[in-house]
Each structure stands twice: as structure tokens, then as C-alpha cells.
Amino acid sequence: MLFLGTGASEAIPNPFCDCEVCRKALNSNDPREKRGRSAFSIDEQNLIDFGPDVIGAAGRFGLSMSHLRNLFYTHFHSDHCDFVNWENPRMSVTPPPNFRVYLSEEALTGLRVFRDLVLSYPSKDYARDIRFYEKTMEFIPLRPYESYTVDDMTVSTVRGIHTGRFVDEIVLNYLFERNGKRFLYATDTGPYCEENYEFLKGKTLDILIVECSFGKSAPEKNHMTCEAIKQMTDRFRRDGVVSDRTEIWLTHIGHKGGLNHVELRQVMRELVGTQIDVAYDGLRLVDF
Ligand SMILES: [Zn+2]
Ligand SMILES: [Zn+2]
Ligand SMILES: [Zn+2]
């Protein structure tokens with residue numbers, strides 16, 4: 001498993017920003033301080049999110065996507081879905097993979113509205129692109145709090161507490177299970193609702209990946225802060241979701257949190273203990 005990107009929507013550094021986090025990251029030689037927009041590779045067949053930095057990250061970190069089978073979208077904010085990327089399969093020399101695209105029902109509705117708008121514009125290029133996507137990508141809508149079989153995995157969904165890009169778009173956080181192992185990918189989200197905690201209760205995780213967009217800033221409804229992660233992991237521990245053996249990794253890290261990699265790691269380890277750590281672009285986890 002590979003973190004292709006671990007930054008929030010603006011990336012770190014955001015070259016247009018002169019805040020302390022961005023300035024330090026811009027001048028740093030430590031690759032952990034440079035974060036592209038978040039995406040995660042489970043393996044060569046399974047990808048979570050396909051934002052603007054995925055193509056570059058795949059090249060840098062040696063990920064082939066020529067055998068991609070399943071793309072799981074959390075939601076359609078531009079840091080998680082970049083439509084320009086959809087052109088890359090079409091521009092393959094070798095036959096591109098056909099793959100399934102998992103997304104919320106509301107995201108699919110939004111996408112269809114967009115498709116019809118684009119097709120109403122008299123451009124042959126757009127019509128050709130859309131015909132290609134419809135031939136090679138199968139769109140599969142998902143509901144929160146359901147479980148699905150996807151190849152050799154069981155994939156369950158909870159709700160990301162976050163406002164999506166399309167009208168009423170529900171954001172999905174994913175629980176993946178395979179070979180007796182489990183991990184939860186929890187971005188984008190603010191503090192979890194009771195329904196999420198109830199759905200996950202007793203499902204002990206091997207790995208928890210959770211967003212930390214807002215670090216030490218004031219509480220947020222749409223994103224997580226250090227303090228919100230502390231509260232979430234405390235609750236998960238009481239519910240048997242996090243055990244002493246669960247690895248906890250932070251991703252989707254933003255400059256507004258005011259902490260660089262080393263500082264965030266220190267703050268979170270003081271709050272939660274040594275089982276929590278901060279992911280960085282290119283970090284590999286044990287195979288799942
Ligand atoms: Zn995001
Ligand atoms: Zn900044
Ligand atoms: Zn978002």
C-alpha cells in the first residue's frame with residue numbers, strides 16, 4: 001500500500017501562500033514536508049481518489065496503473081477528482097485498462113448533469129472523451145452503511161462528515177477487508193456522527209488512516225483537528241475499533257493546521273501515543 005499524496009486541497013507548500021508552514025516547506029530538503037493532493041494506492045488494481053497529483057506521484061513512486069480495476073472516490077472535490085487525469089488512459093499506447101469507478105449516488109447524479117451539459121456544447125473533443133469514458137469506465141453508485149464485494153475485498157461505507165462538490169453530495173469513507181485484515185480510510189471528514197460509530201463498533205482495525213486538515217486550529221465541522229482525532233481515537237478504543245496493535249496514520253494534511261511534519265508528529269504522539277504517526281508522500285505500508 002502506498003500514499004500517493006498526503007496533502008489537503010491546497011498541497012504543501014501552496015506556492016501562492018507565504019504562511020510559515022508553506023515557506024518552510026518550500027525551502028526544505030526533507031521530502032516529507034512536500035505534500036501533493038491526497039490519494040492512496042491499495043495495490044496496482046485498487047486506487048482511492050484520483051486527484052491532480054496522482055499521475056506525477058505514480059511516476060515518482062513507481063506505481064503502474066495499467067492494471068487498474070477499481071477506483072474508489074471519496075467525493076468529487078477537485079483535490080480528489082481531477083477530470084484531466086481521465087484523459088491519461090485514452091492516451092495509452094498499449095490498450096488501457098477498463099475499470100470500475102465507485103462513488104456516492106449523489107456524486108453520480110452530479111456527474112450525469114455535467115455530462116449532459118458538456119454534450120450540449122458543440123465540441124467534437126468533448127464528445128469523443130465522453131464516449132471513451134463510457135466505454136472504459138463503469139460507474140457504480142454506493143450508499144453509506146452498506147457492504148459490497150469488490151473482487152477479493154469486502155468494502156463497506158460510512159459517511160464522511162463533509163460537504164461535497166455536487167448538490168447534496170454524500171462523502172464516502174471506506175472500510176476495506178481482505179485476508180482477515182481491515183483498514184479504514186477516513187477523508188474528507190469532520191468529527192464522526194453516532195451512526196458511523198455504531199456501524200464500525202467492534203470492527204477492529206489493523207490500520208486507521210484519518211485526515212488532519214486543520215492541525216492545531218479551532219474545531220471544524222468539515223475537517224479534523226488534532227483534538228478531534230484524539231476524541232475519535234478515544235471513542236474507537238472504547239468501541240473496540242482501535243486496539244493497541246492498530247496503526248494510525250494521518251493524511252490530507254493542510255497548512256492551516258500551522259504544523260509541519262515533525263511538529264504534527266510530536267503533537268499527535270503526545271495526545272494519542274506512539275501508535276499514531278504522520279504519513280508522507282511515497283510512504284509504503286505493509287501489503288493488505
Ligand atoms: Zn480534500
Ligand atoms: Zn500556507
Ligand atoms: Zn473535500
# chains A, B, ... in the order shown; residues from 1 in each chain; ligands from 1

$ closest_atom_pairs --of "region 1-50 of chain A" --to "region 248-255 of chain A" --cutoff "6 Å" --atoms "only C-alpha atoms" --output "CSV"
residue,atom,partner,partner_atom,distance
A:Thr6,CA,A:Thr251,CA,4.7
A:Gly7,CA,A:His252,CA,4.4
A:Ala8,CA,A:His252,CA,4.4
A:Val21,CA,A:His255,CA,5.8
A:Ser38,CA,A:His252,CA,5.6

$ write_last_selection --atoms "N, CA, C and O atoms" --output "PDB file, in the first residue's frame"
ATOM      1  N   THR A   6      -0.467  13.156   0.420  1.00  0.00           N
ATOM      2  CA  THR A   6      -0.914  13.272   1.818  1.00  0.00           C
ATOM      3  C   THR A   6      -1.287  14.703   2.178  1.00  0.00           C
ATOM      4  O   THR A   6      -1.376  15.049   3.352  1.00  0.00           O
ATOM      5  N   GLY A   7      -1.492  15.543   1.158  1.00  0.00           N
ATOM      6  CA  GLY A   7      -1.815  16.939   1.427  1.00  0.00           C
ATOM      7  C   GLY A   7      -3.310  17.207   1.305  1.00  0.00           C
ATOM      8  O   GLY A   7      -4.050  16.433   0.689  1.00  0.00           O
ATOM      9  N   ALA A   8      -3.750  18.300   1.874  1.00  0.00           N
ATOM     10  CA  ALA A   8      -5.128  18.765   1.704  1.00  0.00           C
ATOM     11  C   ALA A   8      -5.226  19.469   0.347  1.00  0.00           C
ATOM     12  O   ALA A   8      -4.293  19.436  -0.457  1.00  0.00           O
ATOM     13  N   VAL A  21       4.180  27.517   7.423  1.00  0.00           N
ATOM     14  CA  VAL A  21       4.262  26.103   7.022  1.00  0.00           C
ATOM     15  C   VAL A  21       4.704  26.006   5.561  1.00  0.00           C
ATOM     16  O   VAL A  21       5.602  25.229   5.216  1.00  0.00           O
ATOM     17  N   SER A  38      -4.217  14.461  -1.790  1.00  0.00           N
ATOM     18  CA  SER A  38      -4.258  13.119  -1.219  1.00  0.00           C
ATOM     19  C   SER A  38      -4.843  12.073  -2.176  1.00  0.00           C
ATOM     20  O   SER A  38      -5.819  12.317  -2.882  1.00  0.00           O
TER      21      SER A  38
END

$ residues_near_ligand --ligand "ligand 1" --cutoff "8 Å" --atoms "only C-alpha atoms and all ligand atoms" --output "PyMOL selection string"
chain A and resi 8-9+37-38+77-80+187-188+252

$ write_last_selection --atoms "all heavy atoms" --output "mmCIF file, in the first residue's frame"
data_model
loop_
_atom_site.group_PDB
_atom_site.id
_atom_site.type_symbol
_atom_site.label_atom_id
_atom_site.label_comp_id
_atom_site.auth_asym_id
_atom_site.auth_seq_id
_atom_site.Cartn_x
_atom_site.Cartn_y
_atom_site.Cartn_z
ATOM 1 N N ALA A 8 -3.750 18.300 1.874
ATOM 2 C CA ALA A 8 -5.128 18.765 1.704
ATOM 3 C C ALA A 8 -5.226 19.469 0.347
ATOM 4 O O ALA A 8 -4.293 19.436 -0.457
ATOM 5 C CB ALA A 8 -5.520 19.686 2.855
ATOM 6 N N SER A 9 -6.349 20.157 0.103
ATOM 7 C CA SER A 9 -6.638 20.615 -1.260
ATOM 8 C C SER A 9 -5.628 21.607 -1.815
ATOM 9 O O SER A 9 -5.451 21.705 -3.025
ATOM 10 C CB SER A 9 -8.041 21.207 -1.331
ATOM 11 O OG SER A 9 -8.161 22.243 -0.413
ATOM 12 N N ARG A 37 -1.746 16.475 -3.405
ATOM 13 C CA ARG A 37 -3.132 16.247 -3.022
ATOM 14 C C ARG A 37 -3.353 14.759 -2.754
ATOM 15 O O ARG A 37 -2.793 13.900 -3.419
ATOM 16 C CB ARG A 37 -4.079 16.769 -4.104
ATOM 17 C CG ARG A 37 -4.436 18.240 -3.936
ATOM 18 C CD ARG A 37 -3.275 19.215 -3.976
ATOM 19 N NE ARG A 37 -2.652 19.348 -5.268
ATOM 20 C CZ ARG A 37 -2.987 20.255 -6.188
ATOM 21 N NH1 ARG A 37 -3.907 21.154 -5.934
ATOM 22 N NH2 ARG A 37 -2.360 20.310 -7.350
ATOM 23 N N SER A 38 -4.217 14.461 -1.790
ATOM 24 C CA SER A 38 -4.258 13.119 -1.219
ATOM 25 C C SER A 38 -4.843 12.073 -2.176
ATOM 26 O O SER A 38 -5.819 12.317 -2.882
ATOM 27 C CB SER A 38 -5.039 13.121 0.091
ATOM 28 O OG SER A 38 -6.380 13.446 -0.156
ATOM 29 N N HIS A 77 -14.624 16.729 -4.767
ATOM 30 C CA HIS A 77 -13.832 17.960 -4.660
ATOM 31 C C HIS A 77 -12.579 17.806 -5.538
ATOM 32 O O HIS A 77 -12.055 16.701 -5.698
ATOM 33 C CB HIS A 77 -13.426 18.221 -3.204
ATOM 34 C CG HIS A 77 -14.472 18.973 -2.435
ATOM 35 N ND1 HIS A 77 -14.669 18.801 -1.083
ATOM 36 C CD2 HIS A 77 -15.372 19.904 -2.842
ATOM 37 C CE1 HIS A 77 -15.652 19.605 -0.700
ATOM 38 N NE2 HIS A 77 -16.096 20.275 -1.735
ATOM 39 N N SER A 78 -12.094 18.947 -6.062
ATOM 40 C CA SER A 78 -11.075 18.880 -7.102
ATOM 41 C C SER A 78 -9.750 18.290 -6.618
ATOM 42 O O SER A 78 -8.940 17.844 -7.431
ATOM 43 C CB SER A 78 -10.839 20.271 -7.694
ATOM 44 O OG SER A 78 -10.477 21.152 -6.662
ATOM 45 N N ASP A 79 -9.515 18.275 -5.291
ATOM 46 C CA ASP A 79 -8.271 17.634 -4.835
ATOM 47 C C ASP A 79 -8.384 16.104 -4.865
ATOM 48 O O ASP A 79 -7.370 15.407 -4.793
ATOM 49 C CB ASP A 79 -7.840 18.117 -3.441
ATOM 50 C CG ASP A 79 -8.926 18.051 -2.393
ATOM 51 O OD1 ASP A 79 -10.116 18.250 -2.722
ATOM 52 O OD2 ASP A 79 -8.600 17.803 -1.209
ATOM 53 N N HIS A 80 -9.599 15.582 -5.015
ATOM 54 C CA HIS A 80 -9.813 14.125 -5.039
ATOM 55 C C HIS A 80 -10.180 13.611 -6.421
ATOM 56 O O HIS A 80 -10.050 12.425 -6.695
ATOM 57 C CB HIS A 80 -10.904 13.739 -4.031
ATOM 58 C CG HIS A 80 -10.531 14.135 -2.642
ATOM 59 N ND1 HIS A 80 -10.021 13.242 -1.725
ATOM 60 C CD2 HIS A 80 -10.531 15.351 -2.028
ATOM 61 C CE1 HIS A 80 -9.741 13.892 -0.596
ATOM 62 N NE2 HIS A 80 -10.038 15.170 -0.760
ATOM 63 N N THR A 187 -11.199 10.152 4.955
ATOM 64 C CA THR A 187 -11.081 11.516 4.477
ATOM 65 C C THR A 187 -12.060 11.683 3.325
ATOM 66 O O THR A 187 -12.328 10.698 2.632
ATOM 67 C CB THR A 187 -9.645 11.853 4.037
ATOM 68 O OG1 THR A 187 -9.527 13.254 3.831
ATOM 69 C CG2 THR A 187 -9.246 11.149 2.746
ATOM 70 N N ASP A 188 -12.669 12.839 3.081
ATOM 71 C CA ASP A 188 -12.623 14.013 3.951
ATOM 72 C C ASP A 188 -13.746 13.881 4.964
ATOM 73 O O ASP A 188 -14.848 13.458 4.628
ATOM 74 C CB ASP A 188 -12.819 15.294 3.147
ATOM 75 C CG ASP A 188 -11.623 15.599 2.249
ATOM 76 O OD1 ASP A 188 -10.674 14.806 2.214
ATOM 77 O OD2 ASP A 188 -11.632 16.632 1.571
ATOM 78 N N HIS A 252 -4.048 13.860 4.341
ATOM 79 C CA HIS A 252 -4.848 15.049 3.999
ATOM 80 C C HIS A 252 -4.521 16.196 4.977
ATOM 81 O O HIS A 252 -5.377 16.750 5.657
ATOM 82 C CB HIS A 252 -6.347 14.709 4.040
ATOM 83 C CG HIS A 252 -7.206 15.649 3.234
ATOM 84 N ND1 HIS A 252 -7.614 16.867 3.727
ATOM 85 C CD2 HIS A 252 -7.731 15.557 1.987
ATOM 86 C CE1 HIS A 252 -8.365 17.467 2.809
ATOM 87 N NE2 HIS A 252 -8.447 16.697 1.744
#

$ residues_near_ligand --ligand "ligand 2" --cutoff "9 Å" --atoms "only C-alpha atoms and all ligand atoms" --output "list in words"
Glu10, Ala11, Ile12, Pro13, Asn14, Pro15, Phe16, Cys17, Asp18, Cys19, Glu20, Val21, Cys22, Arg23, Gly254, His255, Lys256 and Gly258 of chain A

$ closest_residue --among "A:Leu111, A:Ile48, A:Val171, A:Met65" --to "ligand 3" --atoms "only C-alpha atoms and all ligand atoms"
A:Val171

$ closest_residue --among "A:Tyr73, A:Phe114, A:Phe288, A:Phe176" --to "ligand 3" --atoms "only C-alpha atoms and all ligand atoms"
A:Tyr73

$ residues_around --residues "Tyr185 (chain A)" --least-positions-apart "4" --cutoff "8 Å" --atoms "only C-alpha atoms" --output "list in words"
Asn173, Tyr174, Leu175, Leu208, Ile209 and Val210 of chain A

$ write_last_selection --atoms "all heavy atoms" --output "compact mmCIF listing (two decimals), in the first residue's frame"
# COMPACT_ATOMS: atom_id res chain seq x y z
N ASN A 173 -16.47 7.43 3.31
CA ASN A 173 -15.25 6.91 3.91
C ASN A 173 -15.35 5.40 3.79
O ASN A 173 -16.44 4.84 3.90
CB ASN A 173 -15.13 7.31 5.39
CG ASN A 173 -14.75 8.80 5.56
OD1 ASN A 173 -14.59 9.26 6.69
ND2 ASN A 173 -14.62 9.56 4.49
N TYR A 174 -14.21 4.73 3.56
CA TYR A 174 -14.24 3.31 3.19
C TYR A 174 -13.57 2.42 4.22
O TYR A 174 -12.46 2.71 4.69
CB TYR A 174 -13.51 3.12 1.87
CG TYR A 174 -14.21 3.69 0.66
CD1 TYR A 174 -13.85 4.93 0.13
CD2 TYR A 174 -15.23 2.98 0.02
CE1 TYR A 174 -14.48 5.44 -1.00
CE2 TYR A 174 -15.86 3.49 -1.10
CZ TYR A 174 -15.48 4.72 -1.61
OH TYR A 174 -16.11 5.22 -2.72
N LEU A 175 -14.24 1.30 4.50
CA LEU A 175 -13.65 0.23 5.31
C LEU A 175 -13.36 -0.94 4.37
O LEU A 175 -14.29 -1.48 3.76
CB LEU A 175 -14.65 -0.20 6.39
CG LEU A 175 -14.23 -1.39 7.27
CD1 LEU A 175 -13.09 -1.00 8.20
CD2 LEU A 175 -15.42 -1.89 8.09
N LEU A 208 -5.76 2.44 10.64
CA LEU A 208 -6.70 3.58 10.53
C LEU A 208 -5.95 4.71 9.83
O LEU A 208 -4.88 5.13 10.29
CB LEU A 208 -7.15 4.02 11.93
CG LEU A 208 -7.84 5.39 12.02
CD1 LEU A 208 -9.15 5.42 11.23
CD2 LEU A 208 -8.12 5.76 13.48
N ILE A 209 -6.50 5.16 8.72
CA ILE A 209 -5.94 6.32 8.02
C ILE A 209 -6.97 7.44 8.15
O ILE A 209 -8.11 7.29 7.69
CB ILE A 209 -5.65 6.00 6.55
CG1 ILE A 209 -4.63 4.85 6.46
CG2 ILE A 209 -5.11 7.24 5.82
CD1 ILE A 209 -4.46 4.29 5.06
N VAL A 210 -6.58 8.53 8.79
CA VAL A 210 -7.56 9.59 9.05
C VAL A 210 -6.97 10.94 8.66
O VAL A 210 -5.77 11.16 8.75
CB VAL A 210 -8.04 9.54 10.53
CG1 VAL A 210 -6.89 9.73 11.50
CG2 VAL A 210 -9.14 10.56 10.80

$ atom_distance --atom1 "CA of Phe183 (chain A)" --atom2 "CA of Val241 (chain A)"
10.2 Å
